[in-house]
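Next comes structure-v3.cif, a file with mmCIF, N, CA and C atoms.
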data_upload
loop_
_atom_site.label_atom_id
_atom_site.label_comp_id
_atom_site.auth_asym_id
_atom_site.auth_seq_id
_atom_site.Cartn_x
_atom_site.Cartn_y
_atom_site.Cartn_z
N MET R 1 134.66 63.42 180.16
CA MET R 1 135.13 62.24 179.45
C MET R 1 134.50 62.24 178.07
N LEU R 2 135.32 62.08 177.06
CA LEU R 2 134.85 62.17 175.69
C LEU R 2 135.35 60.95 174.94
N GLY R 3 134.42 60.05 174.56
CA GLY R 3 134.80 58.86 173.80
C GLY R 3 135.77 57.97 174.55
N GLY R 4 135.63 57.89 175.87
CA GLY R 4 136.49 57.03 176.66
C GLY R 4 137.83 57.68 177.03
N LEU R 5 138.07 58.88 176.52
CA LEU R 5 139.32 59.58 176.83
C LEU R 5 139.01 60.77 177.72
N THR R 6 139.89 61.03 178.63
CA THR R 6 139.73 62.20 179.50
C THR R 6 140.31 63.41 178.78
N ALA R 7 139.56 64.49 178.77
CA ALA R 7 140.04 65.71 178.13
C ALA R 7 141.07 66.38 179.02
N GLU R 8 142.23 66.70 178.46
CA GLU R 8 143.28 67.38 179.20
C GLU R 8 143.38 68.81 178.73
N ARG R 9 143.63 69.70 179.66
CA ARG R 9 143.81 71.10 179.31
C ARG R 9 145.29 71.35 179.04
N ILE R 10 145.58 71.86 177.87
CA ILE R 10 146.95 72.16 177.50
C ILE R 10 147.17 73.65 177.68
N SER R 11 148.19 73.99 178.42
CA SER R 11 148.48 75.39 178.70
C SER R 11 149.64 75.85 177.84
N MET R 12 149.42 76.92 177.07
CA MET R 12 150.46 77.47 176.23
C MET R 12 150.54 78.97 176.47
N ALA R 13 151.73 79.49 176.58
CA ALA R 13 151.93 80.92 176.75
C ALA R 13 152.92 81.39 175.70
N THR R 14 152.43 81.67 174.51
CA THR R 14 153.27 82.08 173.41
C THR R 14 153.09 83.57 173.18
N PRO R 15 154.18 84.35 173.21
CA PRO R 15 154.04 85.78 172.91
C PRO R 15 153.52 85.98 171.48
N VAL R 16 152.61 86.93 171.33
CA VAL R 16 152.01 87.21 170.03
C VAL R 16 152.35 88.64 169.63
N PRO R 17 153.07 88.84 168.52
CA PRO R 17 153.37 90.21 168.11
C PRO R 17 152.11 90.91 167.64
N VAL R 18 152.07 92.21 167.82
CA VAL R 18 150.92 93.00 167.39
C VAL R 18 151.14 93.42 165.95
N LEU R 19 150.18 93.10 165.08
CA LEU R 19 150.26 93.43 163.67
C LEU R 19 149.32 94.59 163.39
N ARG R 20 149.84 95.64 162.78
CA ARG R 20 149.01 96.79 162.45
C ARG R 20 148.86 96.88 160.94
N LEU R 21 147.63 96.91 160.46
CA LEU R 21 147.36 97.09 159.04
C LEU R 21 146.85 98.49 158.80
N PRO R 22 147.03 99.01 157.60
CA PRO R 22 146.54 100.36 157.32
C PRO R 22 145.02 100.40 157.27
N LYS R 23 144.48 101.60 157.44
CA LYS R 23 143.04 101.76 157.30
C LYS R 23 142.65 101.58 155.85
N GLY R 24 141.44 101.16 155.62
CA GLY R 24 140.94 100.99 154.27
C GLY R 24 140.68 102.32 153.59
N PRO R 25 140.35 102.29 152.30
CA PRO R 25 140.16 103.53 151.55
C PRO R 25 138.88 104.28 151.88
N ASP R 26 137.91 103.61 152.48
CA ASP R 26 136.66 104.30 152.82
C ASP R 26 136.51 104.38 154.34
N PRO R 27 135.57 105.19 154.83
CA PRO R 27 135.42 105.36 156.28
C PRO R 27 135.10 104.07 157.03
N ASN R 28 134.55 103.08 156.36
CA ASN R 28 134.19 101.83 157.03
C ASN R 28 135.30 100.80 157.00
N SER R 29 136.46 101.16 156.44
CA SER R 29 137.62 100.27 156.36
C SER R 29 137.30 98.95 155.68
N ARG R 30 136.62 99.04 154.58
CA ARG R 30 136.31 97.83 153.81
C ARG R 30 137.28 97.74 152.64
N GLY R 31 138.29 96.94 152.80
CA GLY R 31 139.27 96.75 151.73
C GLY R 31 140.37 97.79 151.80
N PHE R 32 141.41 97.58 150.99
CA PHE R 32 142.55 98.46 150.97
C PHE R 32 142.84 98.88 149.54
N ASP R 33 143.20 100.13 149.37
CA ASP R 33 143.61 100.63 148.07
C ASP R 33 145.13 100.54 148.00
N PRO R 34 145.68 99.63 147.21
CA PRO R 34 147.13 99.45 147.19
C PRO R 34 147.88 100.66 146.63
N ARG R 35 147.18 101.64 146.05
CA ARG R 35 147.84 102.83 145.52
C ARG R 35 147.82 103.99 146.51
N SER R 36 147.15 103.83 147.66
CA SER R 36 147.07 104.92 148.62
C SER R 36 148.42 105.14 149.29
N PRO R 37 148.77 106.39 149.61
CA PRO R 37 150.06 106.67 150.26
C PRO R 37 150.19 105.95 151.60
N ARG R 38 149.08 105.83 152.34
CA ARG R 38 149.13 105.15 153.65
C ARG R 38 149.47 103.67 153.48
N PHE R 39 148.83 103.04 152.50
CA PHE R 39 149.09 101.62 152.23
C PHE R 39 150.54 101.42 151.81
N ILE R 40 151.03 102.27 150.92
CA ILE R 40 152.40 102.15 150.42
C ILE R 40 153.40 102.33 151.55
N ALA R 41 153.13 103.28 152.46
CA ALA R 41 154.05 103.54 153.57
C ALA R 41 154.03 102.42 154.60
N LEU R 42 152.85 101.88 154.94
CA LEU R 42 152.74 100.92 156.02
C LEU R 42 152.80 99.46 155.60
N CYS R 43 152.34 99.16 154.42
CA CYS R 43 152.29 97.76 153.97
C CYS R 43 152.78 97.63 152.54
N PRO R 44 154.04 97.89 152.30
CA PRO R 44 154.51 97.76 150.93
C PRO R 44 154.42 96.30 150.49
N THR R 45 153.96 96.09 149.29
CA THR R 45 153.88 94.73 148.76
C THR R 45 155.21 94.37 148.13
N SER R 46 155.42 93.10 147.96
CA SER R 46 156.65 92.67 147.32
C SER R 46 156.54 92.77 145.80
N ILE R 47 155.32 93.00 145.31
CA ILE R 47 155.07 93.12 143.87
C ILE R 47 154.59 94.53 143.58
N SER R 48 155.11 95.15 142.54
CA SER R 48 154.68 96.49 142.16
C SER R 48 153.27 96.43 141.61
N THR R 49 152.39 97.31 142.07
CA THR R 49 151.00 97.31 141.59
C THR R 49 150.85 98.06 140.28
N SER R 50 151.88 98.79 139.86
CA SER R 50 151.79 99.54 138.62
C SER R 50 152.02 98.64 137.41
N THR R 51 152.63 97.49 137.61
CA THR R 51 152.86 96.56 136.52
C THR R 51 151.64 95.68 136.36
N ALA R 52 151.21 95.51 135.13
CA ALA R 52 149.96 94.78 134.89
C ALA R 52 150.19 93.41 134.27
N SER R 53 151.33 92.80 134.47
CA SER R 53 151.56 91.49 133.88
C SER R 53 150.75 90.43 134.60
N GLU R 54 150.50 89.34 133.93
CA GLU R 54 149.67 88.27 134.50
C GLU R 54 150.37 87.59 135.68
N THR R 55 151.69 87.44 135.59
CA THR R 55 152.45 86.81 136.67
C THR R 55 152.38 87.66 137.93
N ASP R 56 152.54 88.99 137.78
CA ASP R 56 152.47 89.89 138.92
C ASP R 56 151.08 89.89 139.54
N ALA R 57 150.06 89.82 138.71
CA ALA R 57 148.68 89.80 139.22
C ALA R 57 148.45 88.54 140.06
N ALA R 58 148.97 87.42 139.61
CA ALA R 58 148.83 86.17 140.36
C ALA R 58 149.59 86.26 141.67
N GLN R 59 150.80 86.83 141.63
CA GLN R 59 151.60 86.97 142.84
C GLN R 59 150.94 87.94 143.82
N LEU R 60 150.38 89.04 143.30
CA LEU R 60 149.69 90.01 144.15
C LEU R 60 148.48 89.37 144.82
N GLN R 61 147.73 88.58 144.06
CA GLN R 61 146.57 87.89 144.64
C GLN R 61 147.00 86.92 145.74
N LYS R 62 148.11 86.23 145.53
CA LYS R 62 148.64 85.30 146.53
C LYS R 62 149.03 86.06 147.80
N GLU R 63 149.68 87.22 147.62
CA GLU R 63 150.09 88.02 148.77
C GLU R 63 148.88 88.58 149.52
N GLN R 64 147.87 89.03 148.78
CA GLN R 64 146.66 89.54 149.42
C GLN R 64 145.96 88.44 150.19
N ARG R 65 145.97 87.24 149.67
CA ARG R 65 145.37 86.09 150.38
C ARG R 65 146.12 85.83 151.68
N ALA R 66 147.44 85.90 151.63
CA ALA R 66 148.24 85.68 152.84
C ALA R 66 147.93 86.76 153.88
N ARG R 67 147.81 88.01 153.45
CA ARG R 67 147.46 89.10 154.37
C ARG R 67 146.07 88.87 154.97
N SER R 68 145.16 88.40 154.15
CA SER R 68 143.80 88.13 154.62
C SER R 68 143.81 87.04 155.70
N VAL R 69 144.59 86.01 155.49
CA VAL R 69 144.69 84.91 156.47
C VAL R 69 145.30 85.42 157.76
N LEU R 70 146.36 86.24 157.67
CA LEU R 70 146.98 86.81 158.86
C LEU R 70 146.01 87.69 159.63
N ARG R 71 145.26 88.53 158.93
CA ARG R 71 144.30 89.41 159.58
C ARG R 71 143.22 88.61 160.28
N GLU R 72 142.69 87.58 159.61
CA GLU R 72 141.66 86.74 160.22
C GLU R 72 142.20 86.03 161.46
N SER R 73 143.42 85.52 161.40
CA SER R 73 144.03 84.85 162.55
C SER R 73 144.18 85.81 163.72
N PHE R 74 144.61 87.04 163.44
CA PHE R 74 144.77 88.03 164.49
C PHE R 74 143.43 88.37 165.14
N LEU R 75 142.39 88.54 164.32
CA LEU R 75 141.07 88.86 164.88
C LEU R 75 140.52 87.70 165.70
N ARG R 76 140.76 86.47 165.26
CA ARG R 76 140.34 85.30 166.03
C ARG R 76 141.09 85.23 167.36
N CYS R 77 142.36 85.63 167.33
CA CYS R 77 143.16 85.68 168.55
C CYS R 77 142.56 86.67 169.54
N LEU R 78 142.19 87.86 169.05
CA LEU R 78 141.57 88.86 169.92
C LEU R 78 140.27 88.33 170.53
N ILE R 79 139.47 87.65 169.73
CA ILE R 79 138.20 87.10 170.23
C ILE R 79 138.47 86.05 171.31
N SER R 80 139.47 85.19 171.09
CA SER R 80 139.74 84.13 172.06
C SER R 80 140.35 84.66 173.36
N MET R 81 140.88 85.89 173.34
CA MET R 81 141.47 86.48 174.55
C MET R 81 140.41 87.07 175.48
N THR R 82 139.22 87.31 174.98
CA THR R 82 138.19 87.97 175.77
C THR R 82 137.93 87.24 177.08
N ASN R 83 137.94 88.02 178.18
CA ASN R 83 137.70 87.54 179.55
C ASN R 83 138.77 86.56 180.04
N LYS R 84 139.96 86.62 179.47
CA LYS R 84 141.06 85.77 179.93
C LYS R 84 142.18 86.65 180.48
N LYS R 85 142.97 86.07 181.37
CA LYS R 85 144.15 86.76 181.89
C LYS R 85 145.20 86.80 180.78
N VAL R 86 145.69 87.99 180.50
CA VAL R 86 146.68 88.19 179.44
C VAL R 86 147.90 88.87 180.03
N GLN R 87 149.08 88.38 179.67
CA GLN R 87 150.32 89.00 180.10
C GLN R 87 150.83 89.88 178.95
N PHE R 88 151.01 91.17 179.24
CA PHE R 88 151.50 92.11 178.24
C PHE R 88 152.97 92.39 178.52
N HIS R 89 153.81 92.25 177.52
CA HIS R 89 155.24 92.54 177.61
C HIS R 89 155.44 93.88 176.93
N MET R 90 155.86 94.87 177.71
CA MET R 90 155.94 96.23 177.21
C MET R 90 157.39 96.71 177.21
N TYR R 91 157.58 97.93 176.74
CA TYR R 91 158.92 98.50 176.70
C TYR R 91 159.48 98.68 178.10
N GLU R 92 160.81 98.86 178.18
CA GLU R 92 161.52 99.00 179.45
C GLU R 92 161.38 97.74 180.32
N LYS R 93 161.17 96.60 179.68
CA LYS R 93 161.06 95.30 180.35
C LYS R 93 159.93 95.24 181.38
N VAL R 94 158.88 96.03 181.15
CA VAL R 94 157.72 96.04 182.04
C VAL R 94 156.76 94.94 181.60
N LYS R 95 156.33 94.14 182.57
CA LYS R 95 155.35 93.10 182.30
C LYS R 95 154.15 93.37 183.19
N VAL R 96 152.96 93.39 182.59
CA VAL R 96 151.73 93.59 183.34
C VAL R 96 150.76 92.48 182.97
N GLU R 97 149.80 92.25 183.85
CA GLU R 97 148.79 91.22 183.60
C GLU R 97 147.42 91.82 183.83
N ALA R 98 146.46 91.44 183.00
CA ALA R 98 145.10 91.97 183.13
C ALA R 98 144.11 91.02 182.47
N THR R 99 142.85 91.22 182.78
CA THR R 99 141.79 90.49 182.11
C THR R 99 141.41 91.27 180.87
N PHE R 100 141.57 90.65 179.70
CA PHE R 100 141.31 91.32 178.43
C PHE R 100 139.82 91.52 178.23
N GLY R 101 139.44 92.72 177.82
CA GLY R 101 138.04 93.01 177.56
C GLY R 101 137.75 93.14 176.08
N ALA R 102 138.41 94.12 175.43
CA ALA R 102 138.12 94.38 174.02
C ALA R 102 139.23 95.22 173.41
N SER R 103 139.13 95.39 172.11
CA SER R 103 140.02 96.26 171.36
C SER R 103 139.15 97.24 170.58
N ASP R 104 139.67 98.44 170.34
CA ASP R 104 138.90 99.35 169.49
C ASP R 104 139.02 98.89 168.04
N ILE R 105 138.23 99.50 167.17
CA ILE R 105 138.14 99.02 165.78
C ILE R 105 139.46 99.14 165.03
N ASP R 106 140.28 100.12 165.39
CA ASP R 106 141.56 100.31 164.71
C ASP R 106 142.70 99.56 165.39
N VAL R 107 142.40 98.82 166.44
CA VAL R 107 143.38 98.09 167.25
C VAL R 107 144.49 99.04 167.70
N LEU R 108 144.08 100.17 168.23
CA LEU R 108 145.02 101.14 168.79
C LEU R 108 145.08 101.04 170.31
N ASN R 109 144.01 100.52 170.92
CA ASN R 109 143.94 100.39 172.37
C ASN R 109 143.29 99.08 172.76
N PHE R 110 143.73 98.53 173.90
CA PHE R 110 143.09 97.37 174.50
C PHE R 110 142.40 97.83 175.77
N GLN R 111 141.15 97.43 175.96
CA GLN R 111 140.44 97.70 177.21
C GLN R 111 140.65 96.48 178.09
N VAL R 112 141.14 96.72 179.32
CA VAL R 112 141.42 95.62 180.25
C VAL R 112 140.83 95.92 181.62
N SER R 113 140.68 94.88 182.42
CA SER R 113 140.21 95.01 183.81
C SER R 113 141.25 94.41 184.73
N ASP R 114 141.26 94.87 185.97
CA ASP R 114 142.17 94.35 187.00
C ASP R 114 143.62 94.32 186.50
N LEU R 115 144.07 95.45 186.01
CA LEU R 115 145.44 95.59 185.49
C LEU R 115 146.43 95.57 186.64
N GLN R 116 147.27 94.54 186.67
CA GLN R 116 148.28 94.40 187.73
C GLN R 116 149.61 94.91 187.20
N THR R 117 150.04 96.04 187.75
CA THR R 117 151.28 96.68 187.33
C THR R 117 152.31 96.57 188.46
N PRO R 118 153.55 96.90 188.19
CA PRO R 118 154.57 96.86 189.26
C PRO R 118 154.26 97.81 190.42
N ILE R 119 153.43 98.85 190.19
CA ILE R 119 153.14 99.80 191.28
C ILE R 119 151.73 99.68 191.84
N GLY R 120 150.95 98.71 191.38
CA GLY R 120 149.61 98.53 191.93
C GLY R 120 148.63 97.95 190.93
N VAL R 121 147.35 97.91 191.36
CA VAL R 121 146.28 97.35 190.53
C VAL R 121 145.33 98.46 190.13
N GLN R 122 144.98 98.48 188.84
CA GLN R 122 144.01 99.43 188.31
C GLN R 122 142.77 98.65 187.91
N LYS R 123 141.59 99.05 188.43
CA LYS R 123 140.35 98.30 188.17
C LYS R 123 140.02 98.23 186.68
N GLU R 124 140.05 99.36 185.99
CA GLU R 124 139.78 99.42 184.55
C GLU R 124 140.86 100.27 183.90
N ALA R 125 141.28 99.90 182.69
CA ALA R 125 142.34 100.67 182.03
C ALA R 125 142.31 100.45 180.53
N LEU R 126 142.95 101.38 179.82
CA LEU R 126 143.22 101.23 178.39
C LEU R 126 144.72 101.10 178.23
N ILE R 127 145.14 100.12 177.43
CA ILE R 127 146.55 99.95 177.12
C ILE R 127 146.75 100.34 175.67
N ARG R 128 147.66 101.27 175.42
CA ARG R 128 147.93 101.67 174.04
C ARG R 128 148.72 100.55 173.35
N CYS R 129 148.26 100.15 172.18
CA CYS R 129 148.91 99.05 171.48
C CYS R 129 150.35 99.37 171.09
N GLN R 130 150.65 100.65 170.82
CA GLN R 130 152.02 100.98 170.44
C GLN R 130 153.00 100.81 171.61
N ASP R 131 152.49 100.66 172.84
CA ASP R 131 153.34 100.42 174.00
C ASP R 131 153.58 98.92 174.24
N VAL R 132 152.88 98.07 173.51
CA VAL R 132 152.96 96.62 173.71
C VAL R 132 153.92 96.01 172.69
N ILE R 133 154.88 95.24 173.21
CA ILE R 133 155.80 94.52 172.32
C ILE R 133 155.16 93.19 171.93
N SER R 134 154.64 92.47 172.93
CA SER R 134 153.96 91.21 172.67
C SER R 134 153.01 90.93 173.84
N TYR R 135 152.15 89.94 173.64
CA TYR R 135 151.27 89.51 174.72
C TYR R 135 151.10 88.01 174.63
N SER R 136 150.74 87.40 175.76
CA SER R 136 150.53 85.96 175.78
C SER R 136 149.38 85.64 176.72
N PHE R 137 148.74 84.51 176.47
CA PHE R 137 147.64 84.06 177.30
C PHE R 137 147.49 82.56 177.14
N ASP R 138 146.85 81.93 178.13
CA ASP R 138 146.62 80.49 178.07
C ASP R 138 145.41 80.19 177.21
N VAL R 139 145.58 79.23 176.33
CA VAL R 139 144.49 78.84 175.42
C VAL R 139 143.55 77.89 176.10
#

Reformat the file's structure so that it appears as structure tokens.
Amino acid sequence: MLGGLTAERISMATPVPVLRLPKGPDPNSRGFDPRSPRFIALCPTSISTSTASETDAAQLQKEQRARSVLRESFLRCLISMTNKKVQFHMYEKVKVEATFGASDIDVLNFQVSDLQTPIGVQKEALIRCQDVISYSFDV
């Protein structure tokens, strides 16, 4: 009971698409070089980085801020999934459920426990992110 009101648990199961960002320009993935071929191929900006006008610089900064907010939201989502039952929606209409453990640094794999598949239960497993269409969990 909090301030005379009873706390209610709200259950939401919203599929979350997996967002992949390119690796950064250095081995520690600190920042992105917008001129790198990987960045251009995977995350093209709506503004050309070769143009140096003030309007484009402001627009580029706005876009980078939006990307930063999306990345932070995704990482917070991963943190909030830890030790929770997560439903993974995969290709070929396969749905599996597991207790989420962690993600590797490049978000290429999810480590899960008690993976319940259509053919049985696996105590520990890695799920490749490229096989996942979306995932959902109760908040």

- Message: Could you check the closest approach to R:Phe110 for each of R:Glu97, R:Ile127, R:Gln122, R:Ala66 and tell me which residue wins, using only N, CA and C atoms?
- Response: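 Ranked by minimum distance to R:Phe110, first place goes to R:Ile127.
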
Using only C-alpha atoms, what residues lie at most 10 Å away from (156.0, 94.8, 175.4) (file coordinates), given as a PDB file with N, CA and C atoms, in the coordinates of the input?
ATOM      1  N   PRO R  15     154.180  84.350 173.210  1.00  0.00           N
ATOM      2  CA  PRO R  15     154.040  85.780 172.910  1.00  0.00           C
ATOM      3  C   PRO R  15     153.520  85.980 171.480  1.00  0.00           C
ATOM      4  N   PRO R  17     153.070  88.840 168.520  1.00  0.00           N
ATOM      5  CA  PRO R  17     153.370  90.210 168.110  1.00  0.00           C
ATOM      6  C   PRO R  17     152.110  90.910 167.640  1.00  0.00           C
ATOM      7  N   VAL R  18     152.070  92.210 167.820  1.00  0.00           N
ATOM      8  CA  VAL R  18     150.920  93.000 167.390  1.00  0.00           C
ATOM      9  C   VAL R  18     151.140  93.420 165.950  1.00  0.00           C
ATOM     10  N   GLN R  87     149.080  88.380 179.670  1.00  0.00           N
ATOM     11  CA  GLN R  87     150.320  89.000 180.100  1.00  0.00           C
ATOM     12  C   GLN R  87     150.830  89.880 178.950  1.00  0.00           C
ATOM     13  N   PHE R  88     151.010  91.170 179.240  1.00  0.00           N
ATOM     14  CA  PHE R  88     151.500  92.110 178.240  1.00  0.00           C
ATOM     15  C   PHE R  88     152.970  92.390 178.520  1.00  0.00           C
ATOM     16  N   HIS R  89     153.810  92.250 177.520  1.00  0.00           N
ATOM     17  CA  HIS R  89     155.240  92.540 177.610  1.00  0.00           C
ATOM     18  C   HIS R  89     155.440  93.880 176.930  1.00  0.00           C
ATOM     19  N   MET R  90     155.860  94.870 177.710  1.00  0.00           N
ATOM     20  CA  MET R  90     155.940  96.230 177.210  1.00  0.00           C
ATOM     21  C   MET R  90     157.390  96.710 177.210  1.00  0.00           C
ATOM     22  N   TYR R  91     157.580  97.930 176.740  1.00  0.00           N
ATOM     23  CA  TYR R  91     158.920  98.500 176.700  1.00  0.00           C
ATOM     24  C   TYR R  91     159.480  98.680 178.100  1.00  0.00           C
ATOM     25  N   GLU R  92     160.810  98.860 178.180  1.00  0.00           N
ATOM     26  CA  GLU R  92     161.520  99.000 179.450  1.00  0.00           C
ATOM     27  C   GLU R  92     161.380  97.740 180.320  1.00  0.00           C
ATOM     28  N   LYS R  93     161.170  96.600 179.680  1.00  0.00           N
ATOM     29  CA  LYS R  93     161.060  95.300 180.350  1.00  0.00           C
ATOM     30  C   LYS R  93     159.930  95.240 181.380  1.00  0.00           C
ATOM     31  N   VAL R  94     158.880  96.030 181.150  1.00  0.00           N
ATOM     32  CA  VAL R  94     157.720  96.040 182.040  1.00  0.00           C
ATOM     33  C   VAL R  94     156.760  94.940 181.600  1.00  0.00           C
ATOM     34  N   LYS R  95     156.330  94.140 182.570  1.00  0.00           N
ATOM     35  CA  LYS R  95     155.350  93.100 182.300  1.00  0.00           C
ATOM     36  C   LYS R  95     154.150  93.370 183.190  1.00  0.00           C
ATOM     37  N   VAL R  96     152.960  93.390 182.590  1.00  0.00           N
ATOM     38  CA  VAL R  96     151.730  93.590 183.340  1.00  0.00           C
ATOM     39  C   VAL R  96     150.760  92.480 182.970  1.00  0.00           C
ATOM     40  N   CYS R 129     148.260 100.150 172.180  1.00  0.00           N
ATOM     41  CA  CYS R 129     148.910  99.050 171.480  1.00  0.00           C
ATOM     42  C   CYS R 129     150.350  99.370 171.090  1.00  0.00           C
ATOM     43  N   GLN R 130     150.650 100.650 170.820  1.00  0.00           N
ATOM     44  CA  GLN R 130     152.020 100.980 170.440  1.00  0.00           C
ATOM     45  C   GLN R 130     153.000 100.810 171.610  1.00  0.00           C
ATOM     46  N   ASP R 131     152.490 100.660 172.840  1.00  0.00           N
ATOM     47  CA  ASP R 131     153.340 100.420 174.000  1.00  0.00           C
ATOM     48  C   ASP R 131     153.580  98.920 174.240  1.00  0.00           C
ATOM     49  N   VAL R 132     152.880  98.070 173.510  1.00  0.00           N
ATOM     50  CA  VAL R 132     152.960  96.620 173.710  1.00  0.00           C
ATOM     51  C   VAL R 132     153.920  96.010 172.690  1.00  0.00           C
ATOM     52  N   ILE R 133     154.880  95.240 173.210  1.00  0.00           N
ATOM     53  CA  ILE R 133     155.800  94.520 172.320  1.00  0.00           C
ATOM     54  C   ILE R 133     155.160  93.190 171.930  1.00  0.00           C
ATOM     55  N   SER R 134     154.640  92.470 172.930  1.00  0.00           N
ATOM     56  CA  SER R 134     153.960  91.210 172.670  1.00  0.00           C
ATOM     57  C   SER R 134     153.010  90.930 173.840  1.00  0.00           C
ATOM     58  N   TYR R 135     152.150  89.940 173.640  1.00  0.00           N
ATOM     59  CA  TYR R 135     151.270  89.510 174.720  1.00  0.00           C
ATOM     60  C   TYR R 135     151.100  88.010 174.630  1.00  0.00           C
TER      61      TYR R 135
END

- Task: For each of R:Asp56, R:Asp104, R:Glu63, R:Asp114, take the minimum atom-to-atom distance to R:Val86, counting only C-alpha atoms, then give the residue where this is smallest.
- Result: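 Result for the nearest residue to R:Val86: R:Asp114.
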
- So how far away is atom N of R:Asp138 from atom CA of R:Val112, in Å?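 Rounded to one decimal, the two atoms are 14.9 Å apart.
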
- Task: Find the spatial neighbours of R:Phe100, counting only N, CA and C atoms, within a cut-off of 6.5 Å - ignore same-chain residues fewer than 2 positions away - and output them as a VMD selection string.
- Result: chain R and resid 81 to 86 98 102 111 to 113

- Task: Check stretch 69-99 of chain R with DSSP on the backbone and list each residue it calls strand (DSSP E), as an MDAnalysis selection string.
- Result: chainID R and resid 85:90 95:99

Using the file's own x, y and z axes, so that the box edges lie along x, y and z, what centre and edge lengths in Å (one decimal) does a box around every listed atom of stretch 55-73 of chain R get when 8 Å is added on each side? Give it as lines of an AutoDock Vina configuration file.
center_x = 147.1
center_y = 87.4
center_z = 149.7
size_x = 26.9
size_y = 21.2
size_z = 44.1

- What is the distance, in Å and to one decimal place, between atom CA of R:Ser73 and atom CA of R:Glu124? 26.7 Å

- Message: What's the separation between atom C of R:Gln64 and atom CA of R:Arg76, in Å to one decimal place?
- Response: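 About the pair atom C of R:Gln64 and atom CA of R:Arg76: they are 17.1 Å apart.
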